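Source file: coords-v4.cif (mmCIF, C-alpha atoms)
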data_query
#
loop_
_atom_site.label_atom_id
_atom_site.label_comp_id
_atom_site.auth_asym_id
_atom_site.auth_seq_id
_atom_site.Cartn_x
_atom_site.Cartn_y
_atom_site.Cartn_z
CA MET A 28 84.15 216.41 -102.11
CA SER A 29 85.97 213.17 -101.30
CA LEU A 30 88.10 211.81 -104.14
CA GLN A 31 88.29 208.35 -102.63
CA ASN A 32 86.03 206.94 -105.37
CA ALA A 33 87.37 209.13 -108.20
CA HIS A 34 88.12 207.62 -111.62
CA LEU A 35 90.20 208.94 -114.52
CA CYS A 36 89.09 207.39 -117.81
CA ASP A 37 89.57 208.01 -121.50
CA GLY A 38 86.47 207.54 -123.60
CA TRP A 39 83.60 208.99 -125.56
CA VAL A 40 80.23 210.61 -124.87
CA LEU A 41 77.45 208.40 -126.24
CA HIS A 42 74.55 210.67 -125.36
CA ARG A 43 73.90 213.99 -123.67
CA ARG A 44 70.83 215.93 -122.61
CA PRO A 45 70.29 219.18 -120.72
CA TRP A 46 69.54 218.99 -117.01
CA ARG A 47 68.25 221.81 -114.85
CA GLU A 48 69.39 225.31 -115.80
CA SER A 49 72.98 224.76 -116.90
CA SER A 50 73.99 221.14 -116.26
CA VAL A 51 74.27 218.14 -118.58
CA LEU A 52 73.44 214.45 -118.12
CA LEU A 53 75.86 212.20 -119.99
CA GLU A 54 76.23 208.58 -120.98
CA PHE A 55 79.98 208.00 -121.17
CA LEU A 56 81.82 204.97 -122.60
CA SER A 57 85.20 204.05 -121.10
CA GLU A 58 87.38 200.94 -121.10
CA SER A 59 87.64 200.32 -117.37
CA CYS A 60 84.15 201.41 -116.27
CA GLY A 61 82.10 200.59 -119.35
CA ARG A 62 79.00 202.72 -119.80
CA VAL A 63 78.52 205.16 -116.94
CA GLY A 64 75.93 207.84 -116.26
CA LEU A 65 77.41 211.20 -115.30
CA VAL A 66 76.21 214.66 -114.42
CA ALA A 67 78.34 217.64 -115.46
CA ARG A 68 77.19 220.42 -113.15
CA GLY A 69 77.27 223.77 -114.93
CA GLY A 70 78.48 222.06 -118.12
CA ARG A 71 76.32 224.30 -120.32
CA SER A 72 77.24 227.51 -118.56
CA GLU A 73 78.98 230.11 -120.72
CA ARG A 74 81.77 230.22 -118.14
CA SER A 75 82.25 226.45 -118.00
CA PRO A 76 85.73 225.29 -119.13
CA TRP A 77 83.98 222.18 -120.50
CA ARG A 78 81.62 224.05 -122.77
CA GLY A 79 81.77 222.54 -126.26
CA LEU A 80 83.66 219.43 -125.09
CA LEU A 81 80.87 217.28 -123.69
CA GLU A 82 79.66 216.18 -127.10
CA PRO A 83 79.48 212.88 -128.99
CA PHE A 84 82.43 211.96 -131.23
CA CYS A 85 84.96 213.93 -129.18
CA PRO A 86 87.62 211.75 -127.48
CA LEU A 87 87.89 212.84 -123.86
CA SER A 88 89.79 212.17 -120.67
CA VAL A 89 87.26 212.52 -117.85
CA ARG A 90 87.83 212.50 -114.10
CA PHE A 91 84.68 211.71 -112.19
CA SER A 92 83.45 210.44 -108.84
CA LEU A 93 81.11 207.46 -109.00
CA LYS A 94 78.63 206.64 -106.30
CA GLY A 95 75.39 204.78 -106.95
CA ASP A 96 73.71 205.07 -110.34
CA MET A 97 75.11 208.48 -111.32
CA GLY A 98 78.60 209.91 -111.15
CA THR A 99 79.75 213.52 -111.04
CA VAL A 100 82.20 215.01 -113.52
CA LEU A 101 85.19 216.60 -111.79
CA ASP A 102 87.35 217.52 -114.78
CA VAL A 103 87.41 217.09 -118.55
CA GLU A 104 90.21 217.31 -121.09
CA ALA A 105 90.01 216.75 -124.85
CA ILE A 106 92.40 214.06 -126.09
CA ASP A 107 92.03 215.10 -129.73
CA ASN A 108 89.79 217.20 -131.94
CA ARG A 109 86.18 216.23 -132.25
CA CYS A 110 85.41 213.97 -135.22
CA VAL A 111 82.97 215.89 -137.41
CA LEU A 112 80.63 213.40 -139.09
CA LEU A 113 78.37 214.39 -141.95
CA GLY A 114 75.51 212.81 -143.85
CA GLU A 115 75.26 209.03 -143.67
CA ALA A 116 78.46 208.83 -141.60
CA LEU A 117 76.72 210.88 -138.89
CA TRP A 118 73.72 208.55 -138.86
CA CYS A 119 76.01 205.52 -138.66
CA GLY A 120 77.76 207.08 -135.65
CA LEU A 121 74.44 207.84 -133.98
CA TYR A 122 73.28 204.27 -134.72
CA VAL A 123 76.33 202.84 -132.99
CA ASN A 124 75.83 205.12 -129.98
CA GLU A 125 72.19 204.07 -129.69
CA LEU A 126 73.20 200.42 -130.02
CA LEU A 127 75.71 200.75 -127.19
CA MET A 128 73.09 202.47 -125.03
CA HIS A 129 70.72 199.55 -125.54
CA LEU A 130 73.10 196.62 -125.21
CA LEU A 131 75.74 197.65 -122.67
CA GLY A 132 74.88 197.41 -119.01
CA ARG A 133 76.00 200.12 -116.63
CA ASP A 134 79.43 200.01 -114.98
CA GLU A 135 80.66 196.85 -116.73
CA PRO A 136 84.21 196.93 -118.19
CA VAL A 137 84.35 196.38 -121.97
CA VAL A 138 87.85 195.21 -122.87
CA GLY A 139 89.00 196.46 -126.27
CA LEU A 140 85.67 198.01 -127.22
CA VAL A 141 86.68 201.66 -126.76
CA ALA A 142 89.65 201.26 -129.11
CA ASN A 143 87.38 199.64 -131.71
CA TYR A 144 84.87 202.45 -131.28
CA GLY A 145 87.55 205.09 -131.83
CA LYS A 146 88.75 203.27 -134.94
CA LEU A 147 85.22 203.21 -136.32
CA ILE A 148 84.55 206.91 -135.67
CA THR A 149 87.83 207.84 -137.35
CA THR A 150 86.91 205.72 -140.38
CA LEU A 151 83.47 207.31 -140.58
CA ARG A 152 85.09 210.75 -140.48
CA GLU A 153 87.38 209.80 -143.36
CA ASN A 154 84.52 208.02 -145.16
CA GLN A 155 86.73 205.09 -146.09
CA SER A 156 85.06 201.63 -146.32
CA SER A 157 82.58 202.63 -143.66
CA SER A 158 80.31 199.64 -144.28
CA GLY A 159 83.09 197.16 -143.55
CA ALA A 160 84.22 199.13 -140.50
CA LEU A 161 80.66 199.14 -139.19
CA ARG A 162 80.34 195.36 -139.57
CA ARG A 163 83.62 194.80 -137.74
CA PHE A 164 82.55 197.08 -134.89
CA GLU A 165 79.22 195.28 -134.58
CA TRP A 166 81.19 192.04 -134.29
CA ALA A 167 83.53 193.58 -131.70
CA LEU A 168 80.47 194.60 -129.67
CA LEU A 169 78.95 191.12 -129.89
CA SER A 170 82.30 189.68 -128.81
CA ALA A 171 82.53 192.09 -125.85
CA LEU A 172 79.06 190.96 -124.79
CA GLY A 173 80.18 187.34 -125.00
CA VAL A 174 77.50 186.38 -127.55
CA ALA A 175 79.48 186.25 -130.82
CA PRO A 176 79.69 182.73 -132.31
CA SER A 177 83.08 181.31 -133.19
CA LEU A 178 84.44 182.39 -136.56
CA GLU A 179 87.06 179.66 -136.55
CA THR A 180 85.18 176.40 -135.99
CA ASP A 181 81.95 174.76 -137.12
CA ALA A 182 79.50 174.67 -134.22
CA SER A 183 78.35 171.12 -135.02
CA ASP A 184 81.65 169.23 -135.13
CA HIS A 185 84.30 171.87 -134.24
CA SER A 186 86.04 171.46 -137.60
CA PRO A 187 87.82 174.58 -138.93
CA ILE A 188 85.76 177.06 -140.94
CA CYS A 189 86.58 176.43 -144.60
CA GLU A 190 86.96 179.41 -146.90
CA ASP A 191 85.08 177.68 -149.71
CA GLY A 192 82.28 176.35 -147.50
CA LEU A 193 78.77 177.65 -146.87
CA TYR A 194 77.56 178.10 -143.30
CA ARG A 195 74.11 178.54 -141.79
CA LEU A 196 73.76 180.74 -138.71
CA GLU A 197 71.92 179.12 -135.83
CA LEU A 198 71.34 181.97 -133.38
CA ASP A 199 71.75 179.98 -130.18
CA HIS A 200 74.42 177.66 -131.52
CA GLY A 201 76.76 179.14 -134.10
CA PHE A 202 77.76 178.54 -137.73
CA VAL A 203 77.07 175.10 -139.18
CA GLN A 204 78.20 173.98 -142.62
CA THR A 205 75.37 173.48 -145.09
CA ARG A 206 74.66 172.90 -148.75
CA ALA A 207 71.25 174.54 -148.69
CA SER A 208 70.56 178.24 -149.18
CA GLN A 209 67.66 178.43 -146.73
CA GLY A 210 67.90 180.67 -143.69
CA ILE A 211 70.88 182.93 -142.97
CA VAL A 212 73.71 181.45 -145.06
CA VAL A 213 77.18 182.97 -145.42
CA SER A 214 80.42 181.86 -147.05
CA GLY A 215 83.41 180.78 -145.01
CA ARG A 216 85.41 183.45 -146.85
CA ALA A 217 83.10 186.15 -145.47
CA LEU A 218 83.31 184.76 -141.92
CA LEU A 219 87.11 184.66 -142.01
CA TRP A 220 87.10 188.25 -143.34
CA LEU A 221 85.76 189.40 -139.97
CA LEU A 222 88.92 188.02 -138.35
CA GLU A 223 91.34 189.69 -140.76
CA GLU A 224 91.42 193.42 -140.11
CA HIS A 225 93.52 194.32 -143.15
CA SER A 226 91.89 191.96 -145.65
CA ASP A 227 90.49 193.12 -148.98
CA PRO A 228 86.92 194.46 -149.15
CA LEU A 229 84.14 191.89 -149.48
CA SER A 230 82.19 191.32 -152.65
CA PRO A 231 78.70 192.89 -152.59
CA GLU A 232 77.15 189.44 -152.10
CA ASN A 233 79.36 188.58 -149.13
CA ALA A 234 78.91 192.06 -147.68
CA ARG A 235 75.12 191.60 -147.73
CA ALA A 236 75.48 188.19 -146.07
CA ILE A 237 77.67 189.54 -143.27
CA ARG A 238 75.26 192.42 -142.73
CA GLN A 239 72.43 189.90 -142.38
CA VAL A 240 74.47 187.90 -139.87
CA THR A 241 75.32 190.84 -137.62
CA ARG A 242 71.78 192.26 -137.93
CA SER A 243 70.25 188.94 -136.86
CA LEU A 244 72.59 188.53 -133.90
CA ILE A 245 72.03 192.12 -132.77
CA ASP A 246 68.25 191.84 -133.14
CA HIS A 247 68.40 188.68 -131.03
CA GLN A 248 70.10 190.67 -128.28
CA LEU A 249 67.71 193.61 -128.61
CA GLY A 250 64.81 191.27 -127.90
CA GLY A 251 62.26 193.20 -129.95
CA ARG A 252 63.45 196.70 -129.05
CA THR A 253 63.64 199.06 -132.02
CA LEU A 254 66.42 201.48 -132.94
CA LYS A 255 65.31 204.92 -134.10
CA THR A 256 68.52 205.56 -136.00
CA ARG A 257 68.17 202.34 -137.98
CA GLU A 258 64.81 203.52 -139.28
CA MET A 259 66.24 206.94 -140.15
CA ILE A 260 69.15 205.39 -142.08
CA ARG A 261 66.71 203.19 -143.99
CA SER A 262 64.60 206.21 -144.93
CA LEU A 263 67.70 208.14 -146.08
CA ARG A 264 68.73 205.31 -148.35
#

Could I get this structure in the form of structure tokens?
Amino acid sequence: MSLQNAHLCDGWVLHRRPWRESSVLLEFLSESCGRVGLVARGGRSERSPWRGLLEPFCPLSVRFSLKGDMGTVLDVEAIDNRCVLLGEALWCGLYVNELLMHLLGRDEPVVGLVANYGKLITTLRENQSSSGALRRFEWALLSALGVAPSLETDASDHSPICEDGLYRLELDHGFVQTRASQGIVVSGRALLWLLEEHSDPLSPENARAIRQVTRSLIDHQLGGRTLKTREMIRSLR
């Protein structure tokens, strides 16, 4: 096999399913190639050196050849131990994987997104402030897609976002200062929180507002498509 089009990428498996007798079809997320479809021939064989590695939530270094819509796995090495997620943390991880499958096009680089994904999965494993970490990852994804509104300036007059102000989200425009509580309204303090990685946790009210903001922006991108994991998380709660 020619290695002229071979790639070596660090990343994560988003989804896997059996194929033929012993192979696996994968959706793999990497920094330089984005979301790629791969086939791991013999990946489920008892003699495969990759057996047990080609799973979600395991950071991997994968060498693969890419030609057309599907690539072929040439080699796999674990970068670290698999992150074991349990309970609601597992459903949050599966939700994020499904979201990436829906919103990321194939073979498009996603600068910074893989690092943010790894940070989120680690936080879910440790079960520390998972809600805040999930909101920040959703925002990182929207930013990588180029559809996240500015968190620094008012969309109507480009004035700086004020911590004590109230802002209404206009889906195709951005955040506009308001005095009314109609529609999707969020405080400037909550918006600026998304920019400050090490800031204190949000109040329950601000956390709900930020969740509504990211949910509305994501739903706008989904264009009516439903997420199975979102329904499962809702039923668990």

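Interatomic distance, CA of Arg78 in chain A to CA of Trp46 in chain A: 14.3 Å.
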
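Here CA of Glu82 in chain A is placed at a distance of 25.4 Å from CA of Arg252 in chain A.
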
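Applied to this file, the PyMOL selection byres ((chain A and resi 85) around 9) selects the residues Gly38, Trp39, Val40, Leu80, Leu81, Glu82, Pro83, Phe84, Pro86, Leu87, Ala105, Ile106, Asp107, Asn108, Arg109, Cys110 and Val111 of chain A.
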
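Coordinates place CA of Ala171 in chain A at a distance of 24.8 Å from CA of Cys189 in chain A.
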
### Task
Name every residue that the PyMOL selection byres ((chain A and resi 37) around 12) selects in this structure, writing the answer as number ranges by chain with chains first and numbers rising.
A: 34-36, 38-40, 55-62, 85-91, 102-107, 141-142, 145

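Closest approach to Glu179 in chain A from the set A:Leu219, A:Leu193, A:Leu53, A:Ala207 is made by A:Leu219, with distances taken over all atoms listed in the file.
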
### Nearest-residue call for Ala160 in chain A, choices A:Ser186, A:Ser243, A:Leu127, A:Glu223, using only C-alpha atoms
A:Glu223

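Using only C-alpha atoms for every distance, the candidate list A:Met97, A:Leu172, A:Leu221, A:Val213 yields A:Leu172 as the residue closest to His129 in chain A.
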
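Minimum atom-to-atom distances from A:Leu229, A:Val212, A:Ala33, A:Leu126 to Leu93 in chain A were compared using all atoms listed in the file, and the lowest value belongs to A:Ala33.
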
### Task
Take the PyMOL selection byres ((chain A and resi 158) around 12), apply it to the structure above, and return the hits as a list in words.
Glu115, Ala116, Cys119, Gly120, Leu147, Thr150, Leu151, Asn154, Gln155, Ser156, Ser157, Gly159, Ala160, Leu161, Arg162, Arg163, Phe164, Glu165, Pro228, Leu229, Ser230, Pro231, Ala234, Arg235, Ile237 and Arg238 of chain A

Go ahead and write the residues just picked, C-alpha atoms, as a CSV table (one decimal), in the frame of the given file.
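Produced file result32.csv, reproduced below:
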chain,number,residue,atom,x,y,z
A,115,GLU,CA,75.3,209.0,-143.7
A,116,ALA,CA,78.5,208.8,-141.6
A,119,CYS,CA,76.0,205.5,-138.7
A,120,GLY,CA,77.8,207.1,-135.6
A,147,LEU,CA,85.2,203.2,-136.3
A,150,THR,CA,86.9,205.7,-140.4
A,151,LEU,CA,83.5,207.3,-140.6
A,154,ASN,CA,84.5,208.0,-145.2
A,155,GLN,CA,86.7,205.1,-146.1
A,156,SER,CA,85.1,201.6,-146.3
A,157,SER,CA,82.6,202.6,-143.7
A,159,GLY,CA,83.1,197.2,-143.6
A,160,ALA,CA,84.2,199.1,-140.5
A,161,LEU,CA,80.7,199.1,-139.2
A,162,ARG,CA,80.3,195.4,-139.6
A,163,ARG,CA,83.6,194.8,-137.7
A,164,PHE,CA,82.6,197.1,-134.9
A,165,GLU,CA,79.2,195.3,-134.6
A,228,PRO,CA,86.9,194.5,-149.2
A,229,LEU,CA,84.1,191.9,-149.5
A,230,SER,CA,82.2,191.3,-152.6
A,231,PRO,CA,78.7,192.9,-152.6
A,234,ALA,CA,78.9,192.1,-147.7
A,235,ARG,CA,75.1,191.6,-147.7
A,237,ILE,CA,77.7,189.5,-143.3
A,238,ARG,CA,75.3,192.4,-142.7

### Message
Every residue with an atom at most 6 Å from (80.1, 179.2, -134.6) (file coordinates; all atoms listed in the file) is what I'm after, so could you write them as JSON, numbers by chain?
### Response
{"A": [176, 177, 178, 180, 181, 182, 201, 202]}

Would you put the residues from that selection into a file with C-alpha atoms, as a short mmCIF file (atom, residue, chain, number, x, y, z; two decimals), keeping the file's coordinate frame?
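Contents of result-v6.cif, as written:
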data_model
loop_
_atom_site.label_atom_id
_atom_site.label_comp_id
_atom_site.auth_asym_id
_atom_site.auth_seq_id
_atom_site.Cartn_x
_atom_site.Cartn_y
_atom_site.Cartn_z
CA PRO A 176 79.69 182.73 -132.31
CA SER A 177 83.08 181.31 -133.19
CA LEU A 178 84.44 182.39 -136.56
CA THR A 180 85.18 176.40 -135.99
CA ASP A 181 81.95 174.76 -137.12
CA ALA A 182 79.50 174.67 -134.22
CA GLY A 201 76.76 179.14 -134.10
CA PHE A 202 77.76 178.54 -137.73
#

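Using all atoms listed in the file, the shortest contact distance between Val66 in chain A and any of A:Lys255, A:Arg44, A:His185, A:Arg206 is found at A:Arg44.
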
Could you work out an axis-aligned bounding box for all listed atoms of range 164-175 of chain A, with 5 Å added on each of the six sides, and give its centre and edge lengths in Å to one decimal, as lines of an AutoDock Vina configuration file?
center_x = 80.5
center_y = 191.7
center_z = -129.8
size_x = 16.0
size_y = 20.8
size_z = 20.1

Write range 187-204 of chain A as a PDB file, keeping the file's coordinate frame, completed to N, CA and C atoms.
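Dumped to selection.pdb:
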ATOM      1  N   PRO A 187      87.503 173.201-138.562  1.00  0.00           N
ATOM      2  CA  PRO A 187      87.820 174.580-138.930  1.00  0.00           C
ATOM      3  C   PRO A 187      86.866 175.125-139.996  1.00  0.00           C
ATOM      4  N   ILE A 188      86.552 176.411-139.891  1.00  0.00           N
ATOM      5  CA  ILE A 188      85.760 177.060-140.940  1.00  0.00           C
ATOM      6  C   ILE A 188      86.558 177.033-142.236  1.00  0.00           C
ATOM      7  N   CYS A 189      85.924 176.557-143.297  1.00  0.00           N
ATOM      8  CA  CYS A 189      86.580 176.430-144.600  1.00  0.00           C
ATOM      9  C   CYS A 189      86.210 177.624-145.468  1.00  0.00           C
ATOM     10  N   GLU A 190      87.191 178.213-146.089  1.00  0.00           N
ATOM     11  CA  GLU A 190      86.960 179.410-146.900  1.00  0.00           C
ATOM     12  C   GLU A 190      85.953 179.164-148.006  1.00  0.00           C
ATOM     13  N   ASP A 191      85.956 177.978-148.591  1.00  0.00           N
ATOM     14  CA  ASP A 191      85.080 177.680-149.710  1.00  0.00           C
ATOM     15  C   ASP A 191      83.738 177.082-149.285  1.00  0.00           C
ATOM     16  N   GLY A 192      83.516 176.950-147.979  1.00  0.00           N
ATOM     17  CA  GLY A 192      82.280 176.350-147.500  1.00  0.00           C
ATOM     18  C   GLY A 192      81.151 177.360-147.350  1.00  0.00           C
ATOM     19  N   LEU A 193      79.943 176.840-147.187  1.00  0.00           N
ATOM     20  CA  LEU A 193      78.770 177.650-146.870  1.00  0.00           C
ATOM     21  C   LEU A 193      78.309 177.296-145.464  1.00  0.00           C
ATOM     22  N   TYR A 194      77.910 178.324-144.697  1.00  0.00           N
ATOM     23  CA  TYR A 194      77.560 178.100-143.300  1.00  0.00           C
ATOM     24  C   TYR A 194      76.236 178.778-142.968  1.00  0.00           C
ATOM     25  N   ARG A 195      75.402 178.032-142.246  1.00  0.00           N
ATOM     26  CA  ARG A 195      74.110 178.540-141.790  1.00  0.00           C
ATOM     27  C   ARG A 195      74.255 179.026-140.351  1.00  0.00           C
ATOM     28  N   LEU A 196      73.726 180.210-140.073  1.00  0.00           N
ATOM     29  CA  LEU A 196      73.760 180.740-138.710  1.00  0.00           C
ATOM     30  C   LEU A 196      72.599 180.192-137.912  1.00  0.00           C
ATOM     31  N   GLU A 197      72.915 179.531-136.804  1.00  0.00           N
ATOM     32  CA  GLU A 197      71.920 179.120-135.830  1.00  0.00           C
ATOM     33  C   GLU A 197      72.125 180.008-134.602  1.00  0.00           C
ATOM     34  N   LEU A 198      71.162 180.874-134.323  1.00  0.00           N
ATOM     35  CA  LEU A 198      71.340 181.970-133.380  1.00  0.00           C
ATOM     36  C   LEU A 198      71.836 181.526-132.005  1.00  0.00           C
ATOM     37  N   ASP A 199      71.362 180.426-131.517  1.00  0.00           N
ATOM     38  CA  ASP A 199      71.750 179.980-130.180  1.00  0.00           C
ATOM     39  C   ASP A 199      72.848 178.922-130.209  1.00  0.00           C
ATOM     40  N   HIS A 200      73.441 178.736-131.383  1.00  0.00           N
ATOM     41  CA  HIS A 200      74.420 177.660-131.520  1.00  0.00           C
ATOM     42  C   HIS A 200      75.706 178.126-132.188  1.00  0.00           C
ATOM     43  N   GLY A 201      75.580 178.680-133.374  1.00  0.00           N
ATOM     44  CA  GLY A 201      76.760 179.140-134.100  1.00  0.00           C
ATOM     45  C   GLY A 201      76.622 178.874-135.588  1.00  0.00           C
ATOM     46  N   PHE A 202      77.752 178.768-136.285  1.00  0.00           N
ATOM     47  CA  PHE A 202      77.760 178.540-137.730  1.00  0.00           C
ATOM     48  C   PHE A 202      77.955 177.054-138.012  1.00  0.00           C
ATOM     49  N   VAL A 203      77.061 176.522-138.840  1.00  0.00           N
ATOM     50  CA  VAL A 203      77.070 175.100-139.180  1.00  0.00           C
ATOM     51  C   VAL A 203      77.129 174.968-140.699  1.00  0.00           C
ATOM     52  N   GLN A 204      78.047 174.129-141.172  1.00  0.00           N
ATOM     53  CA  GLN A 204      78.200 173.980-142.620  1.00  0.00           C
ATOM     54  C   GLN A 204      76.932 173.398-143.241  1.00  0.00           C
TER      55      GLN A 204
END
